[in-house]
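Trainee: What follows is a structure written as structure tokens; I'll ask about it next.
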Amino acid sequence: MILDGKVPSGPLEQKWENHVHDSRLINPANKRKFRIIVVGTGLAGASAAASLGELGFNVDVFCYQDSSRRAHSIAAQGGINAAKNYRNDGDSVFRLFHDTIKGGDFRAREANVYRLAQLSGNIIDQCVAQGVPFARDYAGYLDTRSFGGALVQRTFYARGQTGQQLLLGAYQALSRQIRDGKVQVHTRTEMVDLVLVQGEAKGIIVRDMVSGGLSAHAGDCVVLATGGYSNVYYLSTNAKGCNVTAAFRAYKKGALFANPCYTQIHPTCIPASGHYQSKLTLMSESLRNDGRIWAPGGKGDKRPPSEIPDAERDYYLERKYPTYGNLAPRDIASRAAKEACDEGRGVGATGRGVYLDFAESIQRLGKAAIEERYGNLFEMYERITGEDGYSTPMRIYPAPHYTMGGLWVDYNLQSNLPGLFVIGEANFSDHGANRLGASALMQGLADGYFVLPNTIGTYLAGTSPGAVQKDRDEFQAGMAEAGDRVARLLSINGRKTVDDFHRELGHIMWEDVGMARSEESLKRALAEIPKLRSEFWESVKVPGEAADFNQELEKALRLADFLEFGELLALDALHRDESCGGHFRVEHQTEEGEALRHDDKFSFVAAWEYKGNGKAPEMHREPLTFENVKLAVRSYK
Amino acid sequence: MNLTLFVWRQKNAKEKGRMERYEAHDVDPDMSFLEMLDVVNQDLIHNGKEPIAFDHDCREGICGTCSLTVNGIPHGEQKRTTVCQLHMRHFKDGDSIYIEPFRARAFPVVKDLVVDRQALDTVIQSGGYVSVSTGEAQDGNTLLIPRHDAEYSMDAAECIGCGACVAACPNGSAMLFVGAKVASLAQLPQGKVEAAQRVCVMTETMLDQGFGNCSNHYECEAACPKGISVKFIAKLNREYLKSLKE
Ligand SMILES: Cc1cc2nc3c(=O)[nH]c(=O)nc-3n(C[C@H](O)[C@H](O)[C@H](O)COP(=O)(O)OP(=O)(O)OC[C@H]3O[C@@H](n4cnc5c(N)ncnc54)[C@H](O)[C@@H]3O)c2cc1C
Ligand code: FES
């Protein structure tokens, strides 16, 4: 099947405006007859639920945390992009659009990205109006900084807690709708399945995480805003609860999963310290502005860094990429670190780390200057490692961080299943094969505040509100199936814990489907993952009861889906026989080790359709055409 | 190192809880406190026992989910640190550690170390926002905000909503939490319009939810993992007084 992204016709600059104009509207008096289900309260879900409530719809919103304010968006540090051009430094909607398309290595849909750039300024305005305390200059104007290699200063920020402040803005807007009775919030409630009625998304099955009870919720449509799937790697910078379940359950009900192999690895994370490691912590990339990255030149060099003379150090990024040096893009810097460690030149107790050294900057600028720039990061580093980054080099290692792939959506953010909308990191739409820094927050909020509220009406206007109620068989069947899955997990009572299995899956994914992939490694993963999955279903040990607060059961339900999803990710990676953005196939690289795209063969979105248990999924294509940008080869030499 | 843990176990909100003793062996100083509990839990599971329930998510000190009282102090003794960021190198071999949930009248226990902090959300829902709808905003730079005001607002807005302030307070007061929100919004021009109404309704809701009053113990500031200052309680009181005049 060739997929139609339903991109409106007309010139790029006018597509969105024309489309909004052509969209169907619902009479305000009728809006209150509709009930919309929103799963997720991160930037995407909270902004959507609040905005839909303001429009007059009834909204039920769900999250697995104990409060909607705790969604993983809260952890974003760096900032949010917007093409305001307040700096008069040459920024424009077109430039932000162009940077995002190019950064995504020409694997995103032009029209969506252009709309994102167009809406970026409105996001800042909306957040300011909500009281988000963005950084200001002394005259009281909004301050911006440069981020992620962009040549213009378009990143707005609130100290190192931009995600937190934006999320609190959306959470507060949501709180106002809750008070007004337009939105009902269901915390500690996890979606375990999607319900289709005559092929359209009309509800969900959820598990109350306190009582363990399963229940059904019916609505006129369903919005998934459930975030990314980096935790398929077990260790990632995501929160512990982040999962693929909602998206994967939708996939198993017929929604297409697009480009699962597009994952992003962040180069400057704090390395794991032992087998008990439960998650990884990111440190802002800005550290690379003043830190020099190196590894010992020789293998197995166990000397402390201070005893390794300069001549025996390998400043490998400076050596390989003389122009960009330590500022080489995320994927290049990440791969180079892993290569050094694979060669036996890694540092720290585990040998999985390289140095990020500030000695020279401190000598040049003084410790005070470095402290002023990065003091909070040095503090965080010391809290976690117990080491002082000023007197001894920091140790860093790459970690899975963001996933560009997700459920396939058209220009309206609707999946191929009518009535199922997907927003935020959970969809695939705007970042192509690689996301630029400070663009995820922008996308989540554009989707939730501005896009979805303007596109959802067209679908709803064609339905009669409240037509589907939860007494239908489809809901009963969904509940029974979820109940069976829970019962089966609890009955196995095997030898290994959920964490044991998740670590093993993570190991396979990281080693064979990580930042450098080959046909051989992917085939190995495709053989190993199903084996691990059968072992899981034979010998996992999930203690406790179904009708109880049971955290092991929660983890087991999520891992069961990751164990299937990991295979899909590897399959997509095997199929995409080219390198692009975060997807690096060792077979396809330039002499300098840069990703080599094959536009003639792979300039399309790969969207996978579930064909049934044990059957190979079928791939559908959405061809990508570029009318407004010229395809070019990235070079950071 | 080896540690002895005394952990609060409670089946659910209705049943009574009790402290139970566990031995934690070979604890690595580089582990986080929660990773130490993970390892204890893995042992419990392998031995056919029920693991200890505790709340956590980001494990990097920003989501406000983790909520343990360690040796009587919410988030433990280390200053400005959530318990998920507390590392075992701050303990020594042979230590006994007492681990309890956040204790407060407004935070009923859900299970073991997990509490229900819905009351904090209810306070925000009553008025902790600027009443602006999507689409109404004007250009962000038409509103000039002196840097000092933006920074003051941000100092208050850093609150992660964990509730340690409530758990640390002998009165179970949420005035640091409420003060931080009131102050952060009242300092900004966008928030001024509704300031009087906001502080009234939030204060009322706070009392309705079972939180006590401030009697200047300052335990809240000492326990706050973000170091939110008690000056925001003073600001809350001032804003409240001002609202009475209106
Ligand atoms: C450490 C870190 C730093 C980052 N820094 C930046 C940055 O500086 N700039 C930037 O632009 N981006 C940054 N990102 C990326 C960005 O934060 C995320 O991509 C973005 O916040 C995702 O938002 P979201 O709303 O799509 O999902 P999330 O915020 O992940 O929210 C998901 C929601 O779905 C709910 N949910 C999930 N599954 C279920 C289920 N089965 N049932 C019920 N509810 C469910 C969760 O409870 C949650 O409410 C960073 C990411 C990380 C990890
Ligand atoms: S788990 Fe998020 S603050 Fe501790």
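Residues are named by chain letter and number: chains run A, B, ... in the order of the structure tokens, numbers start at 1 in each chain, and ligands are numbered from 1 in the order shown.
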Kindly work out which residues sit at most 6 Å from ligand 2, using only C-alpha atoms and all ligand atoms, and give the list as a list in words.
Mentor: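 Within the 6 Å cut-off, the matching residues are His56, Asp57, Cys58, Arg59, Glu60, Gly61, Ile62, Cys63, Gly64, Thr65, Cys66, Thr82 and Cys84 of chain B.
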Trainee: What are the residues of chain B lining chain A at 7 Å or less? Count only C-alpha atoms, and put the answer as a ChimeraX atom specification.
Mentor: /B:30,35,45,50,53,57-60,62-65,85,87,124-126,128-130,132-134,137-141,144-147,150,153-154,185,188,190-191
Trainee: Hey, can you spit out that residue selection with N, CA, C and O atoms as a compact mmCIF listing (two decimals), in the first residue's frame?
Mentor:
# COMPACT_ATOMS: atom_id res chain seq x y z
N ASP B 30 28.70 3.48 44.95
CA ASP B 30 28.26 4.27 43.79
C ASP B 30 26.78 4.09 43.45
O ASP B 30 26.26 4.75 42.56
N GLU B 35 18.60 2.48 43.83
CA GLU B 35 19.21 1.27 43.26
C GLU B 35 19.52 0.26 44.36
O GLU B 35 19.39 -0.96 44.16
N ILE B 45 12.25 -10.91 45.73
CA ILE B 45 11.49 -11.64 44.70
C ILE B 45 12.05 -13.05 44.54
O ILE B 45 11.31 -14.03 44.52
N GLU B 50 7.29 -10.58 48.80
CA GLU B 50 6.82 -9.43 48.04
C GLU B 50 7.78 -8.25 48.14
O GLU B 50 8.21 -7.89 49.25
N ALA B 53 7.20 -1.68 47.91
CA ALA B 53 6.67 -0.71 46.94
C ALA B 53 7.18 0.68 47.28
O ALA B 53 7.14 1.11 48.43
N ASP B 57 10.29 7.80 39.35
CA ASP B 57 10.16 7.77 37.89
C ASP B 57 11.42 8.29 37.21
O ASP B 57 12.19 7.53 36.67
N CYS B 58 11.67 9.61 37.28
CA CYS B 58 12.79 10.14 36.50
C CYS B 58 14.14 9.70 37.04
O CYS B 58 15.10 9.56 36.32
N ARG B 59 14.22 9.53 38.34
CA ARG B 59 15.49 9.20 39.02
C ARG B 59 16.57 10.22 38.72
O ARG B 59 17.76 9.89 38.71
N GLU B 60 16.20 11.43 38.40
CA GLU B 60 17.22 12.46 38.29
C GLU B 60 16.82 13.75 39.00
O GLU B 60 17.32 14.82 38.68
N ILE B 62 13.92 15.55 39.29
CA ILE B 62 13.13 16.63 38.72
C ILE B 62 11.63 16.34 38.68
O ILE B 62 10.82 17.25 38.73
N CYS B 63 11.23 15.06 38.66
CA CYS B 63 9.79 14.78 38.50
C CYS B 63 9.03 14.88 39.82
O CYS B 63 7.82 15.04 39.83
N GLY B 64 9.75 14.75 40.93
CA GLY B 64 9.09 14.86 42.23
C GLY B 64 8.32 13.61 42.65
O GLY B 64 7.52 13.65 43.57
N THR B 65 8.57 12.50 42.00
CA THR B 65 7.82 11.29 42.34
C THR B 65 8.37 10.60 43.59
O THR B 65 7.60 10.16 44.44
N GLN B 85 18.52 10.86 44.04
CA GLN B 85 19.86 11.36 43.73
C GLN B 85 20.83 11.18 44.91
O GLN B 85 22.00 11.54 44.84
N HIS B 87 23.25 9.13 47.10
CA HIS B 87 24.07 7.95 46.79
C HIS B 87 24.60 7.27 48.04
O HIS B 87 24.73 7.90 49.08
N ILE B 124 -3.63 23.18 43.37
CA ILE B 124 -3.33 23.88 42.09
C ILE B 124 -4.61 24.03 41.27
O ILE B 124 -4.88 25.10 40.70
N GLN B 125 -5.40 22.97 41.23
CA GLN B 125 -6.63 23.05 40.42
C GLN B 125 -7.56 24.16 40.91
O GLN B 125 -8.30 24.74 40.13
N SER B 126 -7.49 24.49 42.19
CA SER B 126 -8.39 25.51 42.70
C SER B 126 -8.04 26.90 42.17
O SER B 126 -8.88 27.79 42.17
N GLY B 128 -4.19 27.70 40.91
CA GLY B 128 -2.75 27.91 40.73
C GLY B 128 -2.36 28.08 39.28
O GLY B 128 -1.51 27.33 38.77
N TYR B 129 -2.96 29.04 38.59
CA TYR B 129 -2.66 29.24 37.17
C TYR B 129 -3.05 30.65 36.74
O TYR B 129 -3.68 31.38 37.49
N VAL B 130 -2.67 30.97 35.53
CA VAL B 130 -3.14 32.19 34.88
C VAL B 130 -4.28 31.74 33.96
O VAL B 130 -4.11 30.79 33.20
N VAL B 132 -5.57 31.84 31.06
CA VAL B 132 -5.46 32.19 29.64
C VAL B 132 -5.74 30.95 28.81
O VAL B 132 -5.29 29.86 29.16
N SER B 133 -6.51 31.10 27.76
CA SER B 133 -6.80 29.97 26.89
C SER B 133 -5.87 29.98 25.69
O SER B 133 -5.34 31.03 25.32
N THR B 134 -5.71 28.83 25.07
CA THR B 134 -4.85 28.72 23.90
C THR B 134 -5.35 29.66 22.81
O THR B 134 -6.54 29.65 22.49
N ALA B 137 -2.89 34.55 23.41
CA ALA B 137 -1.66 35.24 23.78
C ALA B 137 -1.21 36.26 22.74
O ALA B 137 -1.42 36.09 21.55
N GLN B 138 -0.59 37.30 23.22
CA GLN B 138 0.05 38.27 22.33
C GLN B 138 1.54 37.95 22.27
O GLN B 138 2.02 37.08 23.00
N ASP B 139 2.27 38.66 21.44
CA ASP B 139 3.70 38.38 21.28
C ASP B 139 4.42 38.44 22.64
O ASP B 139 4.22 39.36 23.43
N GLY B 140 5.26 37.45 22.87
CA GLY B 140 5.93 37.31 24.15
C GLY B 140 6.75 38.53 24.56
O GLY B 140 6.96 38.77 25.76
N ASN B 141 7.24 39.28 23.61
CA ASN B 141 8.07 40.44 23.95
C ASN B 141 7.27 41.73 24.13
O ASN B 141 7.84 42.78 24.41
N LEU B 144 7.19 43.19 28.89
CA LEU B 144 8.57 43.23 29.38
C LEU B 144 8.58 42.83 30.85
O LEU B 144 7.78 43.31 31.64
N ILE B 145 9.48 41.95 31.18
CA ILE B 145 9.58 41.50 32.57
C ILE B 145 11.01 41.72 33.04
O ILE B 145 11.93 41.13 32.47
N PRO B 146 11.21 42.58 34.02
CA PRO B 146 12.58 42.83 34.49
C PRO B 146 13.25 41.50 34.85
O PRO B 146 12.61 40.60 35.40
N ARG B 147 14.51 41.42 34.54
CA ARG B 147 15.23 40.18 34.78
C ARG B 147 15.09 39.73 36.23
O ARG B 147 14.90 38.54 36.51
N ALA B 150 11.82 37.98 36.69
CA ALA B 150 11.79 36.67 36.06
C ALA B 150 12.59 35.67 36.90
O ALA B 150 12.18 34.52 37.08
N SER B 153 10.68 34.82 40.09
CA SER B 153 9.59 33.90 39.74
C SER B 153 10.13 32.49 39.52
O SER B 153 9.55 31.50 39.98
N MET B 154 11.28 32.43 38.84
CA MET B 154 11.88 31.11 38.56
C MET B 154 12.37 30.44 39.84
O MET B 154 12.24 29.22 40.00
N LEU B 185 3.72 33.31 40.45
CA LEU B 185 2.77 33.95 39.54
C LEU B 185 2.55 35.43 39.90
O LEU B 185 2.44 36.28 39.01
N LEU B 188 4.83 38.16 38.41
CA LEU B 188 4.83 38.43 36.97
C LEU B 188 3.60 39.25 36.59
O LEU B 188 2.52 39.04 37.15
N GLN B 190 1.68 38.92 34.10
CA GLN B 190 0.59 38.06 33.64
C GLN B 190 -0.23 37.53 34.81
O GLN B 190 -1.41 37.23 34.68
N GLY B 191 0.45 37.36 35.96
CA GLY B 191 -0.23 36.72 37.08
C GLY B 191 -0.89 37.70 38.02
O GLY B 191 -1.63 37.31 38.92
Trainee: List every residue of stretch 147-212 of chain B that DSSP, applied to the backbone, labels as helix (DSSP H, G or I), and write the result as JSON, numbers by chain.
Mentor: {"B": [147, 148, 149, 150, 151, 152, 153, 154, 155, 156, 157, 164, 165, 166, 167, 168, 175, 176, 177, 178, 179, 180, 181, 182, 183, 184, 185, 186, 189, 190, 191, 192, 195, 196, 197, 198, 199, 200, 201, 202, 203, 204, 205, 206, 207, 208]}
Trainee: Any idea what's packed within 7 Å of B:Val70, counting only C-alpha atoms, ignoring anything in its chain fewer than 4 positions away? Could you give it as a ChimeraX atom specification?
Mentor: /B:74-76,97-100
Trainee: Can you tell me which residues come within 6 Å of ligand 1 when counting only C-alpha atoms and all ligand atoms, ideally as a PDB file with N, CA and C atoms, in the first residue's frame?
Mentor:
ATOM      1  N   VAL A  39      -4.532  10.025  26.127  1.00  0.00           N
ATOM      2  CA  VAL A  39      -3.647   9.227  26.976  1.00  0.00           C
ATOM      3  C   VAL A  39      -2.290   9.918  27.015  1.00  0.00           C
ATOM      4  N   GLY A  40      -1.887  10.353  28.193  1.00  0.00           N
ATOM      5  CA  GLY A  40      -0.607  11.041  28.341  1.00  0.00           C
ATOM      6  C   GLY A  40      -0.803  12.480  28.778  1.00  0.00           C
ATOM      7  N   THR A  41       0.043  12.904  29.707  1.00  0.00           N
ATOM      8  CA  THR A  41      -0.037  14.276  30.225  1.00  0.00           C
ATOM      9  C   THR A  41       1.306  14.972  30.132  1.00  0.00           C
ATOM     10  N   GLY A  42       2.150  14.525  29.197  1.00  0.00           N
ATOM     11  CA  GLY A  42       3.394  15.260  28.943  1.00  0.00           C
ATOM     12  C   GLY A  42       3.052  16.546  28.203  1.00  0.00           C
ATOM     13  N   LEU A  43       4.058  17.155  27.621  1.00  0.00           N
ATOM     14  CA  LEU A  43       3.789  18.418  26.920  1.00  0.00           C
ATOM     15  C   LEU A  43       2.691  18.236  25.886  1.00  0.00           C
ATOM     16  N   ALA A  44       2.754  17.136  25.133  1.00  0.00           N
ATOM     17  CA  ALA A  44       1.771  16.947  24.074  1.00  0.00           C
ATOM     18  C   ALA A  44       0.381  16.698  24.663  1.00  0.00           C
ATOM     19  N   GLY A  45       0.273  15.752  25.558  1.00  0.00           N
ATOM     20  CA  GLY A  45      -1.038  15.372  26.088  1.00  0.00           C
ATOM     21  C   GLY A  45      -1.676  16.471  26.926  1.00  0.00           C
ATOM     22  N   PHE A  62      -5.390  10.548  30.855  1.00  0.00           N
ATOM     23  CA  PHE A  62      -4.819   9.452  31.646  1.00  0.00           C
ATOM     24  C   PHE A  62      -3.298   9.566  31.752  1.00  0.00           C
ATOM     25  N   CYS A  63      -2.761   9.169  32.907  1.00  0.00           N
ATOM     26  CA  CYS A  63      -1.306   9.032  32.995  1.00  0.00           C
ATOM     27  C   CYS A  63      -0.977   7.966  34.022  1.00  0.00           C
ATOM     28  N   TYR A  64       0.223   7.412  33.923  1.00  0.00           N
ATOM     29  CA  TYR A  64       0.565   6.349  34.871  1.00  0.00           C
ATOM     30  C   TYR A  64       1.167   6.898  36.164  1.00  0.00           C
ATOM     31  N   GLN A  65       1.646   8.167  36.143  1.00  0.00           N
ATOM     32  CA  GLN A  65       2.221   8.736  37.358  1.00  0.00           C
ATOM     33  C   GLN A  65       1.116   9.099  38.359  1.00  0.00           C
ATOM     34  N   ALA A  71       4.924  13.856  34.198  1.00  0.00           N
ATOM     35  CA  ALA A  71       5.262  13.210  32.933  1.00  0.00           C
ATOM     36  C   ALA A  71       6.723  13.490  32.594  1.00  0.00           C
ATOM     37  N   HIS A  72       7.268  12.611  31.783  1.00  0.00           N
ATOM     38  CA  HIS A  72       8.697  12.667  31.521  1.00  0.00           C
ATOM     39  C   HIS A  72       9.171  13.975  30.871  1.00  0.00           C
ATOM     40  N   SER A  73       8.294  14.703  30.228  1.00  0.00           N
ATOM     41  CA  SER A  73       8.674  16.008  29.654  1.00  0.00           C
ATOM     42  C   SER A  73       9.329  16.903  30.697  1.00  0.00           C
ATOM     43  N   ALA A  75      11.653  16.462  32.515  1.00  0.00           N
ATOM     44  CA  ALA A  75      13.106  16.314  32.638  1.00  0.00           C
ATOM     45  C   ALA A  75      13.898  17.074  31.578  1.00  0.00           C
ATOM     46  N   ALA A  76      13.219  17.618  30.576  1.00  0.00           N
ATOM     47  CA  ALA A  76      13.967  18.282  29.502  1.00  0.00           C
ATOM     48  C   ALA A  76      14.689  19.503  30.055  1.00  0.00           C
ATOM     49  N   GLN A  77      15.932  19.662  29.637  1.00  0.00           N
ATOM     50  CA  GLN A  77      16.773  20.685  30.257  1.00  0.00           C
ATOM     51  C   GLN A  77      16.983  21.897  29.363  1.00  0.00           C
ATOM     52  N   GLY A  78      17.461  21.639  28.152  1.00  0.00           N
ATOM     53  CA  GLY A  78      18.085  22.676  27.340  1.00  0.00           C
ATOM     54  C   GLY A  78      17.230  23.834  26.907  1.00  0.00           C
ATOM     55  N   GLY A  79      16.126  23.577  26.223  1.00  0.00           N
ATOM     56  CA  GLY A  79      15.331  24.693  25.758  1.00  0.00           C
ATOM     57  C   GLY A  79      14.393  24.311  24.647  1.00  0.00           C
ATOM     58  N   ILE A  80      13.755  25.338  24.084  1.00  0.00           N
ATOM     59  CA  ILE A  80      12.760  25.136  23.038  1.00  0.00           C
ATOM     60  C   ILE A  80      13.008  26.133  21.905  1.00  0.00           C
ATOM     61  N   THR A 189      -3.194   5.415  36.247  1.00  0.00           N
ATOM     62  CA  THR A 189      -4.083   4.609  35.420  1.00  0.00           C
ATOM     63  C   THR A 189      -3.369   4.325  34.113  1.00  0.00           C
ATOM     64  N   GLU A 190      -3.134   3.076  33.830  1.00  0.00           N
ATOM     65  CA  GLU A 190      -2.316   2.726  32.674  1.00  0.00           C
ATOM     66  C   GLU A 190      -3.164   2.121  31.571  1.00  0.00           C
ATOM     67  N   MET A 191      -3.016   2.657  30.369  1.00  0.00           N
ATOM     68  CA  MET A 191      -3.719   2.087  29.221  1.00  0.00           C
ATOM     69  C   MET A 191      -3.076   0.752  28.881  1.00  0.00           C
ATOM     70  N   VAL A 192      -3.893  -0.296  28.790  1.00  0.00           N
ATOM     71  CA  VAL A 192      -3.347  -1.606  28.420  1.00  0.00           C
ATOM     72  C   VAL A 192      -3.857  -2.083  27.072  1.00  0.00           C
ATOM     73  N   ALA A 225      -0.656  10.288  23.458  1.00  0.00           N
ATOM     74  CA  ALA A 225       0.450  11.232  23.671  1.00  0.00           C
ATOM     75  C   ALA A 225       1.378  10.590  24.686  1.00  0.00           C
ATOM     76  N   THR A 226       1.783   9.367  24.369  1.00  0.00           N
ATOM     77  CA  THR A 226       2.403   8.517  25.388  1.00  0.00           C
ATOM     78  C   THR A 226       3.925   8.480  25.351  1.00  0.00           C
ATOM     79  N   GLY A 227       4.544   9.364  24.551  1.00  0.00           N
ATOM     80  CA  GLY A 227       5.999   9.503  24.630  1.00  0.00           C
ATOM     81  C   GLY A 227       6.750   8.456  23.817  1.00  0.00           C
ATOM     82  N   THR A 237      18.059   7.633  29.049  1.00  0.00           N
ATOM     83  CA  THR A 237      17.859   8.838  29.864  1.00  0.00           C
ATOM     84  C   THR A 237      16.385   9.049  30.185  1.00  0.00           C
ATOM     85  N   ASN A 238      15.525   8.158  29.693  1.00  0.00           N
ATOM     86  CA  ASN A 238      14.096   8.311  29.980  1.00  0.00           C
ATOM     87  C   ASN A 238      13.777   7.914  31.415  1.00  0.00           C
ATOM     88  N   CYS A 242       8.659   5.057  31.363  1.00  0.00           N
ATOM     89  CA  CYS A 242       8.399   5.294  29.941  1.00  0.00           C
ATOM     90  C   CYS A 242       8.289   3.960  29.218  1.00  0.00           C
ATOM     91  N   ASN A 243       7.342   3.854  28.333  1.00  0.00           N
ATOM     92  CA  ASN A 243       7.065   2.545  27.739  1.00  0.00           C
ATOM     93  C   ASN A 243       6.474   2.681  26.350  1.00  0.00           C
ATOM     94  N   THR A 245       3.918   0.616  25.416  1.00  0.00           N
ATOM     95  CA  THR A 245       2.695  -0.191  25.444  1.00  0.00           C
ATOM     96  C   THR A 245       1.526   0.431  24.682  1.00  0.00           C
ATOM     97  N   ALA A 246       1.229   1.682  24.949  1.00  0.00           N
ATOM     98  CA  ALA A 246       0.052   2.275  24.312  1.00  0.00           C
ATOM     99  C   ALA A 246       0.213   2.247  22.795  1.00  0.00           C
ATOM    100  N   LEU A 282      21.559  12.396  31.733  1.00  0.00           N
ATOM    101  CA  LEU A 282      22.118  13.215  30.677  1.00  0.00           C
ATOM    102  C   LEU A 282      22.729  14.476  31.271  1.00  0.00           C
ATOM    103  N   HIS A 401      18.260   8.184  24.070  1.00  0.00           N
ATOM    104  CA  HIS A 401      17.736   9.428  24.600  1.00  0.00           C
ATOM    105  C   HIS A 401      16.374   9.791  24.031  1.00  0.00           C
ATOM    106  N   GLY A 424       3.071  14.325  19.817  1.00  0.00           N
ATOM    107  CA  GLY A 424       4.292  14.325  20.632  1.00  0.00           C
ATOM    108  C   GLY A 424       5.283  13.268  20.158  1.00  0.00           C
ATOM    109  N   GLU A 425       6.135  12.839  21.079  1.00  0.00           N
ATOM    110  CA  GLU A 425       7.186  11.891  20.727  1.00  0.00           C
ATOM    111  C   GLU A 425       6.599  10.560  20.232  1.00  0.00           C
ATOM    112  N   ALA A 426       5.361  10.290  20.574  1.00  0.00           N
ATOM    113  CA  ALA A 426       4.747   9.005  20.194  1.00  0.00           C
ATOM    114  C   ALA A 426       4.491   8.893  18.695  1.00  0.00           C
ATOM    115  N   GLY A 437      18.409  19.373  18.713  1.00  0.00           N
ATOM    116  CA  GLY A 437      18.210  19.787  20.098  1.00  0.00           C
ATOM    117  C   GLY A 437      17.146  20.872  20.184  1.00  0.00           C
ATOM    118  N   ALA A 438      16.350  20.830  21.271  1.00  0.00           N
ATOM    119  CA  ALA A 438      15.323  21.843  21.554  1.00  0.00           C
ATOM    120  C   ALA A 438      14.140  21.813  20.592  1.00  0.00           C
ATOM    121  N   SER A 439      14.016  20.733  19.824  1.00  0.00           N
ATOM    122  CA  SER A 439      12.898  20.655  18.879  1.00  0.00           C
ATOM    123  C   SER A 439      11.788  19.712  19.329  1.00  0.00           C
ATOM    124  N   ALA A 440      12.042  18.887  20.338  1.00  0.00           N
ATOM    125  CA  ALA A 440      10.994  17.957  20.781  1.00  0.00           C
ATOM    126  C   ALA A 440       9.934  18.713  21.574  1.00  0.00           C
ATOM    127  N   LEU A 441      10.396  19.639  22.403  1.00  0.00           N
ATOM    128  CA  LEU A 441       9.439  20.417  23.201  1.00  0.00           C
ATOM    129  C   LEU A 441       8.561  21.225  22.260  1.00  0.00           C
ATOM    130  N   MET A 442       9.209  21.797  21.240  1.00  0.00           N
ATOM    131  CA  MET A 442       8.483  22.578  20.244  1.00  0.00           C
ATOM    132  C   MET A 442       7.415  21.709  19.567  1.00  0.00           C
ATOM    133  N   GLY A 444       5.991  18.824  20.572  1.00  0.00           N
ATOM    134  CA  GLY A 444       4.933  18.366  21.472  1.00  0.00           C
ATOM    135  C   GLY A 444       3.901  19.461  21.700  1.00  0.00           C
TER     136      GLY A 444
END
